[in-house]
file model-v3.txt (compact mmCIF, C-alpha atoms and all ligand atoms)
# COMPACT_ATOMS: atom_id res chain seq x y z
CA MET A 12 12.71 -25.58 -2.48
CA LYS A 13 12.18 -23.89 0.86
CA ILE A 14 10.28 -20.65 1.24
CA ASN A 15 9.58 -18.19 4.06
CA ILE A 16 6.12 -17.86 5.56
CA ALA A 17 4.97 -14.72 7.39
CA ILE A 18 2.06 -14.91 9.84
CA ASP A 19 0.78 -11.64 11.25
CA GLY A 20 -2.30 -10.75 13.23
CA PRO A 21 -3.63 -9.35 16.51
CA SER A 22 -2.79 -10.78 19.93
CA ALA A 23 -4.04 -14.23 20.82
CA ALA A 24 -5.26 -14.97 17.28
CA GLY A 25 -3.41 -18.29 17.51
CA LYS A 26 -0.40 -17.28 15.39
CA SER A 27 2.20 -19.11 17.48
CA THR A 28 0.11 -22.26 17.91
CA ILE A 29 -0.64 -22.45 14.19
CA ALA A 30 2.97 -21.64 13.25
CA LYS A 31 4.23 -24.38 15.58
CA TYR A 32 2.00 -27.07 14.02
CA LEU A 33 2.72 -25.88 10.52
CA ALA A 34 6.47 -25.93 11.20
CA LYS A 35 6.21 -29.57 12.29
CA GLU A 36 4.17 -30.46 9.21
CA LEU A 37 6.57 -28.78 6.78
CA ASN A 38 9.76 -29.44 8.73
CA TYR A 39 10.40 -25.68 8.92
CA SER A 40 11.66 -23.58 11.87
CA HIS A 41 9.20 -21.45 13.79
CA LEU A 42 10.30 -18.03 15.01
CA ASP A 43 7.97 -16.26 17.44
CA THR A 44 9.03 -12.61 17.19
CA GLY A 45 6.60 -11.52 19.93
CA ALA A 46 8.71 -13.55 22.35
CA MET A 47 11.67 -11.28 21.51
CA TYR A 48 9.72 -8.11 22.41
CA ARG A 49 8.51 -9.92 25.53
CA CYS A 50 12.10 -10.80 26.56
CA VAL A 51 13.15 -7.17 26.20
CA ALA A 52 10.16 -5.96 28.24
CA TYR A 53 10.76 -8.61 30.93
CA LYS A 54 14.41 -7.65 31.30
CA VAL A 55 13.76 -3.91 31.27
CA LEU A 56 10.94 -4.22 33.84
CA ASN A 57 13.16 -6.35 36.10
CA MET A 58 15.98 -3.81 35.88
CA GLY A 59 13.57 -1.05 36.90
CA ILE A 60 14.22 0.90 33.71
CA CYS A 61 11.41 3.15 32.47
CA ILE A 62 9.67 1.38 29.58
CA GLU A 63 9.90 4.57 27.49
CA ASP A 64 13.62 5.23 28.02
CA GLU A 65 14.71 4.36 24.47
CA PRO A 66 18.49 5.00 24.78
CA LYS A 67 18.75 2.89 27.95
CA ILE A 68 16.64 0.10 26.46
CA ILE A 69 18.83 0.01 23.34
CA GLU A 70 21.88 -0.30 25.55
CA VAL A 71 20.23 -3.23 27.33
CA ILE A 72 19.30 -4.94 24.03
CA LYS A 73 22.89 -4.68 22.77
CA ASN A 74 23.91 -6.75 25.81
CA THR A 75 21.08 -9.22 25.58
CA VAL A 76 21.07 -12.71 24.08
CA ILE A 77 17.65 -14.02 23.04
CA GLU A 78 17.46 -17.58 21.79
CA LEU A 79 14.37 -19.12 20.21
CA LYS A 80 15.01 -22.86 20.41
CA PRO A 81 13.58 -25.37 17.90
CA ASP A 82 11.41 -26.95 20.65
CA GLY A 83 9.72 -23.56 21.23
CA SER A 84 11.49 -22.68 24.45
CA ILE A 85 12.78 -19.14 24.90
CA TYR A 86 16.13 -18.34 26.52
CA LEU A 87 17.01 -14.89 27.76
CA ASP A 88 20.70 -14.47 28.58
CA GLY A 89 20.99 -18.24 28.99
CA LYS A 90 17.95 -18.66 31.26
CA GLN A 91 14.69 -20.30 30.18
CA VAL A 92 11.84 -17.77 30.50
CA ASN A 93 8.88 -19.50 28.75
CA ASP A 94 6.35 -18.72 31.50
CA GLU A 95 7.87 -15.55 32.95
CA ILE A 96 7.33 -13.64 29.68
CA ARG A 97 3.62 -14.55 29.40
CA THR A 98 2.22 -12.49 32.31
CA ASN A 99 -0.22 -9.63 31.62
CA GLU A 100 2.38 -7.12 32.85
CA VAL A 101 5.00 -8.37 30.38
CA SER A 102 2.39 -8.51 27.56
CA MET A 103 1.58 -4.83 28.01
CA GLY A 104 5.30 -4.05 28.52
CA ALA A 105 6.11 -5.79 25.22
CA SER A 106 3.46 -3.75 23.45
CA ASN A 107 5.00 -0.61 25.00
CA VAL A 108 8.65 -1.32 24.08
CA SER A 109 7.55 -2.36 20.59
CA LYS A 110 6.44 1.24 19.94
CA LEU A 111 10.06 2.43 20.07
CA GLU A 112 11.58 2.81 16.60
CA LYS A 113 15.17 1.92 17.56
CA VAL A 114 14.05 -1.13 19.54
CA ARG A 115 12.26 -2.35 16.42
CA GLU A 116 15.34 -1.72 14.27
CA GLU A 117 17.50 -3.86 16.56
CA LEU A 118 15.05 -6.76 16.73
CA VAL A 119 14.07 -6.62 13.05
CA ALA A 120 17.74 -6.91 12.05
CA ARG A 121 18.08 -10.04 14.21
CA GLN A 122 14.88 -11.51 12.76
CA GLN A 123 16.00 -10.91 9.18
CA GLU A 124 19.30 -12.63 9.91
CA MET A 125 17.45 -15.66 11.33
CA ALA A 126 15.36 -16.03 8.16
CA LYS A 127 18.22 -15.69 5.66
CA SER A 128 18.48 -19.36 4.81
CA LYS A 129 14.69 -19.77 4.25
CA GLY A 130 12.48 -22.55 5.61
CA VAL A 131 11.19 -20.22 8.31
CA ILE A 132 7.69 -19.54 9.61
CA MET A 133 7.83 -16.23 11.41
CA ASP A 134 4.92 -14.81 13.36
CA GLY A 135 4.41 -11.29 14.66
CA ARG A 136 2.79 -7.98 13.68
CA ASP A 137 5.07 -6.59 10.95
CA ILE A 138 6.52 -9.70 9.33
CA GLY A 139 4.70 -9.41 5.99
CA THR A 140 4.96 -5.61 5.90
CA VAL A 141 8.51 -4.98 7.18
CA VAL A 142 10.65 -7.92 8.35
CA LEU A 143 10.11 -10.35 5.46
CA LYS A 144 8.53 -8.19 2.79
CA ASP A 145 9.52 -10.80 0.22
CA ALA A 146 8.10 -13.82 2.08
CA GLU A 147 6.59 -16.17 -0.48
CA VAL A 148 3.48 -16.79 1.64
CA LYS A 149 1.88 -14.14 3.87
CA ILE A 150 -1.02 -14.92 6.16
CA PHE A 151 -3.02 -12.40 8.18
CA LEU A 152 -4.62 -14.46 10.95
CA THR A 153 -7.57 -12.89 12.73
CA ALA A 154 -10.35 -13.89 15.14
CA SER A 155 -12.95 -11.90 17.04
CA ALA A 156 -11.75 -10.32 20.32
CA GLU A 157 -14.21 -12.55 22.24
CA ALA A 158 -12.90 -15.74 20.63
CA ARG A 159 -9.30 -14.70 21.31
CA ALA A 160 -9.92 -13.80 24.95
CA LEU A 161 -11.77 -17.05 25.56
CA ARG A 162 -8.95 -19.12 24.04
CA ARG A 163 -6.31 -17.37 26.14
CA HIS A 164 -8.50 -17.78 29.23
CA LYS A 165 -8.83 -21.56 28.67
CA GLU A 166 -5.08 -21.81 28.04
CA ASN A 167 -4.35 -20.00 31.32
CA ILE A 168 -6.72 -22.22 33.30
CA GLU A 169 -5.08 -25.33 31.82
CA LYS A 170 -1.66 -24.03 32.83
CA GLY A 171 -2.87 -23.10 36.32
CA ILE A 172 -2.32 -19.38 35.66
CA PRO A 173 -4.92 -17.17 37.45
CA SER A 174 -7.24 -15.74 34.79
CA ILE A 175 -10.23 -13.41 34.69
CA LEU A 176 -11.98 -13.39 31.31
CA GLU A 177 -13.15 -9.74 31.51
CA GLU A 178 -9.61 -8.55 32.35
CA LEU A 179 -8.13 -10.60 29.50
CA THR A 180 -10.66 -9.17 27.05
CA LYS A 181 -9.78 -5.62 28.12
CA GLU A 182 -6.04 -6.30 27.91
CA ILE A 183 -6.37 -7.86 24.44
CA GLU A 184 -8.46 -4.92 23.18
CA ALA A 185 -6.00 -2.39 24.64
CA ARG A 186 -3.06 -4.15 22.98
CA ASP A 187 -4.92 -4.44 19.66
CA TYR A 188 -5.54 -0.71 19.72
CA GLN A 189 -1.98 0.18 20.70
CA ASP A 190 -0.34 -2.27 18.24
CA SER A 191 -2.40 -1.07 15.30
CA HIS A 192 -2.24 2.66 16.04
CA ARG A 193 1.47 3.10 16.82
CA GLU A 194 3.61 5.27 14.58
CA HIS A 195 6.27 2.71 13.62
CA SER A 196 5.32 -0.51 11.81
CA PRO A 197 1.75 -0.73 13.11
CA LEU A 198 -0.07 -4.02 12.82
CA LYS A 199 -1.68 -4.12 9.40
CA LYS A 200 -2.42 -6.64 6.72
CA ALA A 201 0.15 -6.62 3.92
CA ASP A 202 -1.46 -5.99 0.52
CA ASP A 203 -0.37 -9.43 -0.66
CA ALA A 204 -1.36 -11.30 2.52
CA ILE A 205 -4.21 -13.79 2.60
CA GLU A 206 -6.62 -13.20 5.48
CA VAL A 207 -7.72 -16.23 7.49
CA ASP A 208 -10.42 -15.71 10.15
CA SER A 209 -10.02 -18.46 12.74
CA SER A 210 -12.99 -17.50 14.97
CA ASN A 211 -14.99 -20.58 14.00
CA LEU A 212 -12.20 -22.90 12.93
CA THR A 213 -10.28 -25.54 14.88
CA ILE A 214 -6.48 -25.46 15.01
CA ALA A 215 -6.36 -28.40 12.57
CA GLU A 216 -8.67 -26.58 10.12
CA VAL A 217 -6.50 -23.44 10.16
CA VAL A 218 -3.30 -25.47 9.76
CA ASN A 219 -4.83 -27.36 6.79
CA LYS A 220 -5.98 -24.14 5.18
CA ILE A 221 -2.51 -22.57 5.36
CA ASP A 222 -0.88 -25.86 4.36
CA GLU A 223 -2.99 -25.79 1.18
CA ILE A 224 -1.92 -22.20 0.46
CA VAL A 225 1.74 -23.20 0.91
CA LYS A 226 1.38 -26.30 -1.32
CA GLN A 227 -0.27 -24.18 -3.99
CA LYS A 228 2.70 -21.80 -3.85
CA LEU A 229 5.26 -24.61 -4.05
CA LYS A 230 3.63 -26.19 -7.13
O1 LIG A 301 2.73 -11.88 19.67
P1 LIG A 301 2.82 -11.41 21.15
O2 LIG A 301 1.48 -11.19 21.78
O3 LIG A 301 3.67 -12.34 21.95
O4 LIG A 301 3.58 -10.00 21.08
C1 LIG A 301 3.80 -9.19 22.21
C2 LIG A 301 3.85 -7.73 21.80
O5 LIG A 301 5.01 -7.49 21.00
C3 LIG A 301 2.67 -7.25 20.96
O6 LIG A 301 1.69 -6.63 21.75
C4 LIG A 301 3.26 -6.29 19.96
C5 LIG A 301 4.71 -6.61 19.92
N1 LIG A 301 5.16 -7.21 18.66
C6 LIG A 301 5.49 -6.36 17.63
O7 LIG A 301 5.33 -5.15 17.76
N2 LIG A 301 6.00 -6.86 16.48
C7 LIG A 301 6.17 -8.17 16.31
N3 LIG A 301 6.68 -8.63 15.16
C8 LIG A 301 5.79 -9.07 17.34
C9 LIG A 301 5.27 -8.55 18.51

call {"tool": "encode", "arguments": {"input": "model-v3.txt", "output": "structure tokens"}}
result
Amino acid sequence: MKINIAIDGPSAAGKSTIAKYLAKELNYSHLDTGAMYRCVAYKVLNMGICIEDEPKIIEVIKNTVIELKPDGSIYLDGKQVNDEIRTNEVSMGASNVSKLEKVREELVARQQEMAKSKGVIMDGRDIGTVVLKDAEVKIFLTASAEARALRRHKENIEKGIPSILEELTKEIEARDYQDSHREHSPLKKADDAIEVDSSNLTIAEVVNKIDEIVKQKLK
């Protein structure tokens, strides 16, 4: 039997990394919904459209193909955009477009379609509360803002992306605030989600912990 697994939590809590490893372990597909909001923001910013112009952005989304490939690469209208969508500007842009109700409706519908046949690990902010309310396993993955900023900083340095820890910390805190205080589908723990604090855990420890929760569910 295959189930769906929802992983929600604040930015840079390690959701995508954990989901990727877990997907390998369980032979499930990983769907990074944040990448979809990032693709929309990237396209809208490049087109010079105001990030709050909801009708125009909806029009753009209707003519946009976003593909989340099994190897983790992201394609926007046929072009690979893995790195382009990870800049600070696009991160904040994604948080801004994700406030728009109609934008969420469009992307949520696509996400629900992708998870129809089960065997999906989906990570985001509203997966357990909105997108996959009936997911069999729901995880709320957290870590302190300091731990998250430091992880992202190290990741950037490894990738050769310029990175200033203080700026990253501020950006992460600003996005946390915005994502959890917006009107539509704010980031919040679903009542039936299990909270995992990864501040002092390694990736392997978090993956094992969630793996145990999944195995328990499948028994
Ligand atoms: O997970 P991420 O950092 O790549 O997400 C980028 C932004 O997209 C995040 O600041 C909030 C938004 N987002 C959302 O509102 N709902 C989701 N399911 C996923 C991301």

call {"tool": "residues_near_ligand", "arguments": {"input": "model-v3.txt", "ligand": "ligand LIG 301 (chain A)", "cutoff": "8 Å", "atoms": "all atoms listed in the file", "output": "ChimeraX atom specification"}}
result
/A:19,21-23,26-27,43-49,97,102-110,115,119,134-138,142,186-187,189-190,196-198

call {"tool": "residues_around", "arguments": {"input": "model-v3.txt", "residues": "A:Leu42", "least_positions_apart": "3", "cutoff": "12 Å", "atoms": "all atoms listed in the file", "output": "VMD selection string"}}
result
chain A and resid 15 to 18 26 to 31 33 to 34 39 45 to 47 77 to 85 121 to 126 129 to 135 138

call {"tool": "atom_distance", "arguments": {"input": "model-v3.txt", "atom1": "atom CA of A:Asp208", "atom2": "atom CA of A:Glu112"}}
result
29.5 Å

call {"tool": "atom_distance", "arguments": {"input": "model-v3.txt", "atom1": "atom CA of A:Ile96", "atom2": "atom CA of A:Ile168"}}
result
16.9 Å

call {"tool": "residues_around", "arguments": {"input": "model-v3.txt", "residues": "stretch 54-59 of chain A", "least_positions_apart": "3", "cutoff": "8 Å", "atoms": "only C-alpha atoms", "output": "PyMOL selection string"}}
result
chain A and resi 50-51+62+68+71+104

call {"tool": "closest_residue", "arguments": {"input": "model-v3.txt", "among": "A:Val101, A:Val148, A:Ile214, A:Val114", "to": "A:Arg162", "atoms": "all atoms listed in the file"}}
result
A:Ile214

call {"tool": "residues_around", "arguments": {"input": "model-v3.txt", "residues": "A:Leu212", "least_positions_apart": "3", "cutoff": "12 Å", "atoms": "only C-alpha atoms", "output": "CSV table (one decimal) with C-alpha atoms, keeping the file's coordinate frame"}}
result
chain,number,residue,atom,x,y,z
A,24,ALA,CA,-5.3,-15.0,17.3
A,25,GLY,CA,-3.4,-18.3,17.5
A,29,ILE,CA,-0.6,-22.4,14.2
A,152,LEU,CA,-4.6,-14.5,11.0
A,153,THR,CA,-7.6,-12.9,12.7
A,154,ALA,CA,-10.4,-13.9,15.1
A,155,SER,CA,-13.0,-11.9,17.0
A,158,ALA,CA,-12.9,-15.7,20.6
A,207,VAL,CA,-7.7,-16.2,7.5
A,208,ASP,CA,-10.4,-15.7,10.2
A,209,SER,CA,-10.0,-18.5,12.7
A,215,ALA,CA,-6.4,-28.4,12.6
A,216,GLU,CA,-8.7,-26.6,10.1
A,217,VAL,CA,-6.5,-23.4,10.2
A,218,VAL,CA,-3.3,-25.5,9.8
A,219,ASN,CA,-4.8,-27.4,6.8
A,220,LYS,CA,-6.0,-24.1,5.2

call {"tool": "residues_near_point", "arguments": {"input": "model-v3.txt", "point": "(5.9, -15.4, -2.5)", "cutoff": "9 Å", "atoms": "all atoms listed in the file", "output": "count of residues only"}}
result
10

call {"tool": "atom_distance", "arguments": {"input": "model-v3.txt", "atom1": "atom CA of A:Ile150", "atom2": "atom CA of A:Gly20"}}
result
8.3 Å

call {"tool": "closest_residue", "arguments": {"input": "model-v3.txt", "among": "A:Ile224, A:Lys230, A:Ile72, A:Arg163", "to": "A:Ala204", "atoms": "only C-alpha atoms"}}
result
A:Ile224

call {"tool": "residues_around", "arguments": {"input": "model-v3.txt", "residues": "A:Leu87", "least_positions_apart": "2", "cutoff": "6 Å", "atoms": "all atoms listed in the file", "output": "list of chain:residue names"}}
result
A:Val76, A:Ile77, A:Gly89, A:Lys90

call {"tool": "closest_residue", "arguments": {"input": "model-v3.txt", "among": "A:Glu206, A:Glu70, A:Glu157, A:Glu223", "to": "A:Glu184", "atoms": "all atoms listed in the file"}}
result
A:Glu157

call {"tool": "closest_residue", "arguments": {"input": "model-v3.txt", "among": "A:Ser40, A:Asn99, A:Thr140, A:Asn211", "to": "A:Ser174", "atoms": "only C-alpha atoms"}}
result
A:Asn99

call {"tool": "decode", "arguments": {"input": "model-v3.txt", "residues": "stretch 117-163 of chain A", "atoms": "C-alpha atoms", "output": "tab-separated table (two decimals), in the first residue's frame"}}
result
chain	number	residue	atom	x	y	z
A	117	GLU	CA	-4.19	27.43	-9.36
A	118	LEU	CA	-1.10	25.81	-7.85
A	119	VAL	CA	-3.00	23.80	-5.22
A	120	ALA	CA	-5.16	22.25	-7.96
A	121	ARG	CA	-2.02	21.17	-9.83
A	122	GLN	CA	-0.48	19.77	-6.65
A	123	GLN	CA	-3.59	17.76	-5.80
A	124	GLU	CA	-3.62	16.29	-9.30
A	125	MET	CA	0.04	15.24	-8.92
A	126	ALA	CA	-0.70	13.38	-5.67
A	127	LYS	CA	-3.80	11.52	-6.88
A	128	SER	CA	-2.14	8.16	-7.35
A	129	LYS	CA	-0.44	8.23	-3.89
A	130	GLY	CA	3.19	7.40	-3.14
A	131	VAL	CA	4.00	11.10	-2.90
A	132	ILE	CA	6.03	13.09	-0.39
A	133	MET	CA	4.99	16.70	-0.78
A	134	ASP	CA	6.67	19.55	1.05
A	135	GLY	CA	5.50	23.13	1.50
A	136	ARG	CA	3.57	25.32	3.94
A	137	ASP	CA	-0.07	24.23	3.53
A	138	ILE	CA	0.21	20.59	2.50
A	139	GLY	CA	-1.18	19.07	5.71
A	140	THR	CA	-3.75	21.84	6.21
A	141	VAL	CA	-5.03	22.43	2.65
A	142	VAL	CA	-3.47	20.53	-0.27
A	143	LEU	CA	-3.46	16.98	1.15
A	144	LYS	CA	-5.73	17.25	4.16
A	145	ASP	CA	-6.14	13.48	4.08
A	146	ALA	CA	-2.41	12.63	3.87
A	147	GLU	CA	-1.81	9.54	5.98
A	148	VAL	CA	1.36	11.00	7.53
A	149	LYS	CA	1.83	14.70	8.32
A	150	ILE	CA	5.10	16.10	9.58
A	151	PHE	CA	5.71	19.65	10.78
A	152	LEU	CA	9.46	20.13	10.48
A	153	THR	CA	10.96	23.00	12.44
A	154	ALA	CA	14.39	24.28	13.50
A	155	SER	CA	15.54	27.47	15.19
A	156	ALA	CA	16.00	30.49	12.87
A	157	GLU	CA	19.75	30.47	13.68
A	158	ALA	CA	20.15	26.80	12.75
A	159	ARG	CA	18.22	27.32	9.52
A	160	ALA	CA	20.19	30.40	8.46
A	161	LEU	CA	23.48	28.68	9.19
A	162	ARG	CA	22.51	25.62	7.12
A	163	ARG	CA	21.47	27.75	4.16
